Amino acid sequence: MKRFILLLLFFIVAVFYAGTVGAAEDSKKMLILGFDGMDPVLLEKYMDEGLMPNFKRLAEEGDFKPLTTSMPPQSPVAWSNLITGMNPGGHGIFGFIARDPKTYLPYLSTSKTIGGDSTFEIGEWVIPFSKTETILLRKGKPFWEILDGNDVPATVIKIPANFPPNKSGAKTISGMGTPDILGTYGTFTFYTTKKIDDGEEVTSGSVVNIHFSNNSVKTKLTGPPNPFRVDKAETSLELNITVDPEHPVALIQVDDNEMLLKEGEWSDWAKVEFKFAPLQSLTGICRFYLMKVRPDFELYVSPINIDPFSPSATISTPDNYAAQMADGIGYFYTQGMPEDTKALDQDFLHNDDFLELSEFIKKERIRMLDMELKRFDSGLLFVYFSTTDPVQHMFWRNIDKEHPAYNPKEAAKYSNTIQNTYEAMDAVLGDTVKKIDDNTTLIVLSDHGFGPFRRYFHLNTWLKENGYINFTDKNLKSSGAFFENVDFNQTRAYALGFNGIYINLRGREGIGIVSDGREKEKLLDELIKKLEAVIDPATGEKVINKVYKSEELYSGEYVKDAPDLLIGYNRGYRASWETALGKVPEGLLGDNMKKWSGTHLWDYKLVPGVILSNRKIKTEGPALYDIAPTILQEFGIEKDKNMVGGPIF
Amino acid sequence: MNTINYVINSIFDLFFSPFSSIDPIYGLCAVSFLTTVIMLPIFKYTSNQEAIRRTKSRIMGHLLEVRLFKDDIRTVLSAQKNMLKYNMIYLKHMMKPLMFVMLPVVVIIIQTGLRYEYRPLHPGETAIVKVKLDNPGNLAGGGSGVLTAPEGLKIETPPLRVNGGEEIYWRIRAEKDGDYDLKFRTIDKEVSKRVVVGEKLTRISPEVLKGGLVNSFLYPGEPSLSGDSGMEYFEIAYPYGTVALFGWKIHWLVLFFILSLVFGFLLLKPFRVSV
């Protein structure tokens with residue numbers, strides 16, 4: 001009997017102990033705020049100037065270190081390192097752009113659409129028998145999937161490189177990489193009475209010329225192609241615009257929406273429905289911005305975002321989480337990078353319009369954060385803020401007097417824009433700190449730093465000038481996109497994307513001519529030597545800081561898909577936009593006169609991100625791939641065997 | 001008609017007042033219950049209950065005939081013919097009570113719609129205000145008429161005139177809770193329109209139209225515009241209201257019919273009604 005009582009007592013104590021330990025583990029909380037592109041040099045400067053008191057307090061009471069970024073330091077790669085705890089060799093994302101070695105054609109690296117091939121045609125109509133599916137190309141287990149597998153609740157909001165989101169029990173909303181309803185990364189529409197030159201190429205947008213009659217015009221808002229039509233004809237909705245004969249105000253009517261806007265005003269979200277066939281339609285949401293009524297009418301329409309209440313693609317886990325979020329905070333930008341840098345770069349938005357848009361997006365993220373903080377009682381919460389990245393890309397020219405696009409008049413107005421954005425992030429941090437308790441581990445981090453993009457480098461042109469690329473038509477001095485005039489039978493190396501060079505390898509590339517082994521290695525060494533010696537005659541500076549072989553940076557199953565060389569540009573330099581698309585233009589280097597004037601596509605050692613925490617960071621040089629193991633350790637979970645990083649605490 | 005509307009509005013305002021600050025589903029349950037309680041006795045005393053019962057029995061009898069003699073095609077066809085016949089007779093018996101029931105049901109639906117189809121503006125929200133005029137020439141304020149808003153509402157845009165000023169649009173913003181009067185002035189007339197801002201369930205009238213019996217009956221939320229007002233309508237685009245049942249958003253009219261049917265079936269026996 002005594003033995004039984006002792007056993008019972010032991011059992012009760014054990015259950016009680018397990019319960020208390022479990023409760024302590026359950027209430028463990030970790031909050032991560034991700035600020036894309038927050039730069040350690042600027043952050044330190046602003047902290048020293050007393051402009052970022054909340055960051056300063058966190059750095060003093062906890063810790064602050066540079067955070068080693070990925071190579072290349074491109075957001076999809078960097079965030080994939082963070083998500084998986086692996087380097088690109090493990091997760092398979094090597095940049096914004098990847099290439100099909102057989103065709104030499106580029107594709108967007110993080111997702112692709114498959115299926116939908118089995119169809120039946122009746123006249124003009126197509127009946128699909130198989131489902132079209134978009135798949136995420138990032139490999140590896142995201143940290144929230146591992147947390148969920150260990151019953152740790154996790155909420156991850158807008159993290160890049162997660163479209164469509166990995167299936168898991170965690171609450172996630174996809175971020176950068178999420179398309180609009182046209183399937184693009186964001187296509188705006190611009191309606192104007194101003195004659196736009198037909199030859200002027202508009203990227204990531206379309207221009208519609210309109211003509212008013214009796215102060216009104218009927219035009220169309222273009223939707224996605226109709227998948228139920230043989231000709232995939234574009235769907236559209238009637239868009240009626242009416243202006244007052246005198247006042248700067250316009251009435252915009254589309255679908256069931258009626259919006260009255262003054263000049264310089266953004267509309268609320270408008271829900272639009274594009275009909276494909278009886279009972280088949282697709283809904284999206286968009287915003288209108290009335291730029292000008294007279295003398296020329298100018299109306300900007302945002303890319304049509306996926307409707308969170310009725311998503312045409314998976315944008316959240318569980319499926320209804322996006323709708324729950326929209327129920328809580330209203331409609332929100334579901335598109336990956338909603339700050340429309342392309343519209344600003346091509347003058348379809350002006351600086352102030354863009355900043356107003358950025359402010360709107362920042363407030364939207366704050367509402368998301370606040371909504372989740374209210375019910376954050378255990379587990380992990382991650383919220384991503386994008387604004388710092390596009391603002392630095394577009395306004396760096398105003399803080400850099402050496403920048404070719406520096407304009408003193410414009411700088412006088414916008415030189416504080418980046419600083420203001422950092423200060424706004426400081427306010428976000430300050431408000432957040434007030435809402436968390438002592439039991440919460442807080443990490444604030446960025447994926448990379450930032451710097452000037454003063455001069456562009458046509459890498460393919462350099463390869464041609466040095467005999468590595470040859471043209472089919474020798475009389476032509478340049479080649480268009482996707483290696484239009486490149487003769488791959490006589491090409492040994494080519495560049496695609498922003499930081500990669502591929503060897504035209506026999507057996508791997510479609511028309512490969514370089515043998516694997518000694519010939520390849522010799523070519524790589526030769527290219528490295530020559531590229532690292534390239535000097536800009538205009539400045540006398542090195543264009544490239546360091547060139548890396550993929551094997552020296554990467555490990556894992558997917559190293560085979562990596563570019564053979566990774567170009568680490570020097571401060572101030574970057575691959576040209578033309579290089580990214582496989583163009584070979586004339587000239588080697590040039591001044592970057594675009595508004596897109598800041599960059600991070602350098603040697604990764606030159607653009608680290610930041611990490612701050614309310615706990616001491618024990619690691620000397622913490623890196624992005626250390627974050628996933630750190631999160632797992634915080635909840636007492638072993639890191640995945642494929643993770644290359646380790647805990648920082 | 002305006003006086004009748006005023007009385008009916010007041011009765012329903014009183015009825016819905018206990019539900020103004022709670023989940024709108026409760027008010028909808030209550031009005032569905034009330035509808036049933038009113039309709040069943042009207043139906044009972046205006047219909048031939050005995051004939052309805054008899055007709056239903058006949059239909060049931062022929063239904064049974066179909067089941068019992070399913071191998072005899074002639075009997076089955078004959079039973080089906082009779083079922084059709086008695087169904088028509090049943091419908092005939094329904095016509096008279098439905099005539100009596102229709103008017104109060106329509107009144108209840110219109111009154112419920114005034115509270116559930118739209119919701120008040122929330123502080124911070126905007127809405128488009130629209131007027132349509134008989135004669136755009138008869139305008140004050142430099143050819144656009146003058147719209148004035150009391151404190152608590154803000155007119156955010158200048159007027160937008162369509163078709164030479166026949167239709168005029170403005171955008172207003174609700175600033176704080178309240179029951180306001182927007183005023184629109186032509187050269188010699190001033191017309192008011194009620195604007196409600198708040199979270200409570202209340203009577204919402206999105207438009208006022210020029211009088212006439214039909215318009216006054218169908219749009220009873222506010223007194224109709226007088227014939228000499230010079231206006232066709234004065235309209236505010238309120239947001240649509242929502243009613244959720246167990247988290248599912250359902251249109252109030254669908255829910256109203258479902259609830260009324262449920263209550264109807266539950267109360268058939270206590271009221272001793274045959275339908």
# chains A, B, ... in the order shown; residues from 1 in each chain; ligands from 1
call {"tool": "interface_residues", "arguments": {"of": "chain B", "to": "chain A", "cutoff": "12 Å", "atoms": "only C-alpha atoms", "output": "ChimeraX atom specification"}}
result
/B:125-130,142-144,155-165,167-173,236-239,247,249
call {"tool": "write_last_selection", "arguments": {"atoms": "N, CA and C atoms", "output": "compact mmCIF listing (two decimals), in the first residue's frame"}}
result
# COMPACT_ATOMS: atom_id res chain seq x y z
N GLU B 125 -15.03 56.97 -42.41
CA GLU B 125 -15.42 56.44 -43.73
C GLU B 125 -15.95 57.54 -44.64
N THR B 126 -15.85 57.29 -45.94
CA THR B 126 -16.36 58.26 -46.90
C THR B 126 -17.55 57.67 -47.65
N ALA B 127 -18.33 58.56 -48.23
CA ALA B 127 -19.47 58.11 -49.06
C ALA B 127 -19.72 59.15 -50.14
N ILE B 128 -20.25 58.67 -51.24
CA ILE B 128 -20.58 59.60 -52.33
C ILE B 128 -22.02 60.09 -52.16
N VAL B 129 -22.18 61.39 -52.30
CA VAL B 129 -23.51 62.00 -52.24
C VAL B 129 -23.87 62.41 -53.66
N LYS B 130 -25.10 62.13 -54.03
CA LYS B 130 -25.48 62.40 -55.41
C LYS B 130 -26.86 63.05 -55.43
N GLY B 142 -22.82 79.28 -58.11
CA GLY B 142 -22.04 79.27 -59.36
C GLY B 142 -22.34 78.06 -60.22
N GLY B 143 -23.58 77.66 -60.28
CA GLY B 143 -23.97 76.59 -61.19
C GLY B 143 -23.76 75.19 -60.67
N SER B 144 -23.50 75.05 -59.39
CA SER B 144 -23.33 73.69 -58.89
C SER B 144 -24.21 73.42 -57.67
N ILE B 155 -17.42 67.76 -46.19
CA ILE B 155 -17.49 67.60 -47.65
C ILE B 155 -16.07 67.68 -48.17
N GLU B 156 -15.61 66.59 -48.79
CA GLU B 156 -14.19 66.51 -49.13
C GLU B 156 -13.84 66.94 -50.54
N THR B 157 -14.82 66.93 -51.42
CA THR B 157 -14.49 67.28 -52.81
C THR B 157 -15.35 68.43 -53.29
N PRO B 158 -14.86 69.14 -54.28
CA PRO B 158 -15.76 70.08 -54.94
C PRO B 158 -16.81 69.28 -55.70
N PRO B 159 -17.90 69.94 -56.11
CA PRO B 159 -18.94 69.19 -56.84
C PRO B 159 -18.45 68.72 -58.20
N LEU B 160 -18.91 67.55 -58.58
CA LEU B 160 -18.62 67.05 -59.93
C LEU B 160 -19.95 67.03 -60.67
N ARG B 161 -20.02 67.83 -61.73
CA ARG B 161 -21.30 67.98 -62.43
C ARG B 161 -21.31 67.15 -63.72
N VAL B 162 -22.38 66.39 -63.87
CA VAL B 162 -22.51 65.52 -65.04
C VAL B 162 -23.70 66.01 -65.85
N ASN B 163 -23.61 65.89 -67.16
CA ASN B 163 -24.69 66.30 -68.07
C ASN B 163 -25.15 67.73 -67.78
N GLY B 164 -24.21 68.63 -67.79
CA GLY B 164 -24.54 70.05 -67.61
C GLY B 164 -25.09 70.35 -66.24
N GLY B 165 -24.77 69.56 -65.26
CA GLY B 165 -25.21 69.83 -63.89
C GLY B 165 -26.50 69.12 -63.52
N GLU B 167 -26.82 65.97 -62.90
CA GLU B 167 -26.44 65.15 -61.73
C GLU B 167 -25.20 65.78 -61.11
N ILE B 168 -25.17 65.81 -59.78
CA ILE B 168 -24.01 66.39 -59.09
C ILE B 168 -23.54 65.41 -58.02
N TYR B 169 -22.22 65.23 -57.95
CA TYR B 169 -21.63 64.29 -57.00
C TYR B 169 -20.71 65.05 -56.04
N TRP B 170 -20.69 64.61 -54.80
CA TRP B 170 -19.69 65.06 -53.83
C TRP B 170 -19.22 63.83 -53.06
N ARG B 171 -18.12 63.97 -52.36
CA ARG B 171 -17.71 62.92 -51.41
C ARG B 171 -17.70 63.52 -50.02
N ILE B 172 -18.36 62.85 -49.10
CA ILE B 172 -18.36 63.32 -47.71
C ILE B 172 -17.58 62.34 -46.84
N ARG B 173 -17.07 62.83 -45.75
CA ARG B 173 -16.39 61.97 -44.78
C ARG B 173 -17.10 62.10 -43.43
N ILE B 236 -27.27 58.96 -50.88
CA ILE B 236 -25.97 58.72 -50.23
C ILE B 236 -25.62 57.25 -50.37
N ALA B 237 -24.41 56.98 -50.85
CA ALA B 237 -24.00 55.58 -51.06
C ALA B 237 -23.46 55.02 -49.75
N TYR B 238 -24.39 54.54 -48.93
CA TYR B 238 -23.99 53.89 -47.67
C TYR B 238 -23.34 52.54 -47.97
N PRO B 239 -22.47 52.07 -47.08
CA PRO B 239 -21.94 50.70 -47.28
C PRO B 239 -23.04 49.67 -47.01
N GLY B 247 -20.53 32.79 -38.19
CA GLY B 247 -19.37 33.21 -38.96
C GLY B 247 -19.62 33.30 -40.46
N LYS B 249 -21.34 34.90 -43.62
CA LYS B 249 -22.06 36.11 -44.00
C LYS B 249 -23.17 35.74 -44.98
call {"tool": "residues_around", "arguments": {"residues": "Val301 of chain A", "least_positions_apart": "6", "cutoff": "8 Å", "atoms": "only C-alpha atoms", "output": "list in words"}}
result
Phe188, Thr189, Phe190, Cys286, Arg287, Phe288 and Tyr289 of chain A
call {"tool": "atom_distance", "arguments": {"atom1": "atom CA of Thr3 of chain B", "atom2": "atom CA of Thr148 of chain B"}}
result
27.0 Å
call {"tool": "residues_around", "arguments": {"residues": "Tyr569 of chain A", "least_positions_apart": "2", "cutoff": "12 Å", "atoms": "only C-alpha atoms", "output": "ChimeraX atom specification"}}
result
/A:71-73,451-457,459,498-500,531-535,541-548,566-567,571-576,599-607
call {"tool": "write_last_selection", "arguments": {"atoms": "C-alpha atoms", "output": "compact mmCIF listing (two decimals), in the first residue's frame"}}
result
# COMPACT_ATOMS: atom_id res chain seq x y z
CA MET A 71 25.90 35.78 -52.04
CA PRO A 72 24.43 37.11 -54.19
CA PRO A 73 22.87 39.62 -51.78
CA GLY A 451 24.64 51.60 -51.13
CA PRO A 452 24.86 53.68 -54.28
CA PHE A 453 24.32 52.41 -57.80
CA ARG A 454 26.31 55.01 -59.72
CA ARG A 455 27.69 53.12 -62.68
CA TYR A 456 26.35 50.12 -64.56
CA PHE A 457 28.45 47.40 -66.14
CA LEU A 459 28.86 42.15 -68.26
CA PHE A 498 22.44 40.30 -61.75
CA ASN A 499 25.42 38.45 -60.32
CA GLY A 500 25.94 35.26 -62.26
CA LEU A 531 37.17 40.37 -64.19
CA GLU A 532 38.82 41.29 -60.90
CA ALA A 533 41.22 43.46 -62.91
CA VAL A 534 38.50 45.49 -64.67
CA ILE A 535 39.00 49.19 -63.95
CA GLU A 541 38.07 52.32 -59.49
CA LYS A 542 37.78 48.55 -59.59
CA VAL A 543 34.40 47.55 -60.98
CA ILE A 544 34.39 44.15 -59.34
CA ASN A 545 35.52 43.54 -55.80
CA LYS A 546 35.69 39.76 -55.96
CA VAL A 547 34.55 36.91 -58.18
CA TYR A 548 33.58 33.65 -56.46
CA LEU A 566 29.26 34.86 -58.71
CA ILE A 567 30.24 38.46 -59.40
CA ARG A 571 30.72 49.75 -54.12
CA GLY A 572 28.99 52.05 -56.61
CA TYR A 573 28.81 49.48 -59.41
CA ARG A 574 26.22 46.99 -60.51
CA ALA A 575 25.31 44.77 -63.45
CA SER A 576 23.19 46.66 -65.96
CA THR A 599 21.58 48.92 -54.76
CA HIS A 600 22.76 45.96 -52.74
CA LEU A 601 23.89 43.73 -55.59
CA TRP A 602 27.58 43.95 -54.67
CA ASP A 603 30.07 41.61 -53.12
CA TYR A 604 28.18 40.26 -50.12
CA LYS A 605 30.98 41.30 -47.79
CA LEU A 606 30.30 44.96 -48.65
CA VAL A 607 26.56 44.92 -47.86
call {"tool": "residues_around", "arguments": {"residues": "Asn135 of chain B", "least_positions_apart": "2", "cutoff": "12 Å", "atoms": "only C-alpha atoms", "output": "list in words"}}
result
Val131, Lys132, Leu133, Gly137, Asn138, Leu139, Ala140, Gly143, Ser144, Gly145, Asn163, Gly164, Gly165, Glu166, Glu167, Thr186, Ile187, Asp228, Ser229, Gly230, Met231 and Glu232 of chain B
call {"tool": "select_by_dssp", "arguments": {"residues": "segment 86-221 of chain B", "states": "strand (DSSP E or B)", "output": "ChimeraX atom specification"}}
result
/B:118,121,126-133,139,146-148,153-155,160-162,167-174,178-186,190-197,207-210
call {"tool": "atom_distance", "arguments": {"atom1": "atom CA of Lys639 of chain A", "atom2": "atom CA of Thr619 of chain A"}}
result
16.5 Å
